[in-house]
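Please read the structure below before turning to the comments.
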Amino acid sequence: MAIVAGFGLGAVSIHTLHAQAKPPVYTVVALEGAPAKRLAIQQWESMEKAKAWQGSKEYKENRKIGDKYAKFRILAVEGAM
């Protein structure tokens with residue numbers, strides 16, 4: 001009985017861990033339209049972390065400078081697992 005209970009507990013734990021895993025999030029400049037002169041790809045642990053980066057004080061301060069010199073097109077897509 002203990003073996004069966006242990007197996008069941010292990011199976012439930014593994015299923016729970018897989019259900020909690022989120023695919024990585026990538027931010028990529030647009031691929032359609034006028035070709036970009038530069039392209040940057042960043043990987044994030046989650047969509048929430050990518051959005052937190054974009055909403056951060058540091059990012060907003062840097063964009064004030066960057067907006068004078070470039071046009072930004074940022075897309076965020078979730079990766080497949």
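Convention: chains lettered A, B, ... in structure tokens order; per-chain residue numbering from 1; ligands numbered from 1 as shown.
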Inset, instruction - Pick out the residues sitting within 8 Å of segment 44-56 of chain A, and hand them over as a ChimeraX atom specification; count only C-alpha atoms, and ignore anything fewer than 3 positions along from it in its own chain. - result: /A:22-27,59-60,76,78
Inset, instruction - Please run DSSP on the backbone and report, as a ChimeraX atom specification, all residues within segment 20-64 of chain A that come out as alpha helix (DSSP H). - result: /A:20,47-54,57-64
Legend entry - Residue contacts of Leu39 of chain A (12 Å, only C-alpha atoms) excluding same-chain residues fewer than 2 positions away, as a list in words: Thr27, Val28, Val29, Ala30, Leu31, Pro35, Ala36, Lys37, Ile41, Gln42, Lys71, Phe72, Arg73, Ile74 and Leu75 of chain A
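Here atom CA of Gly79 of chain A is placed at a distance of 26.0 Å from atom CA of Glu58 of chain A.
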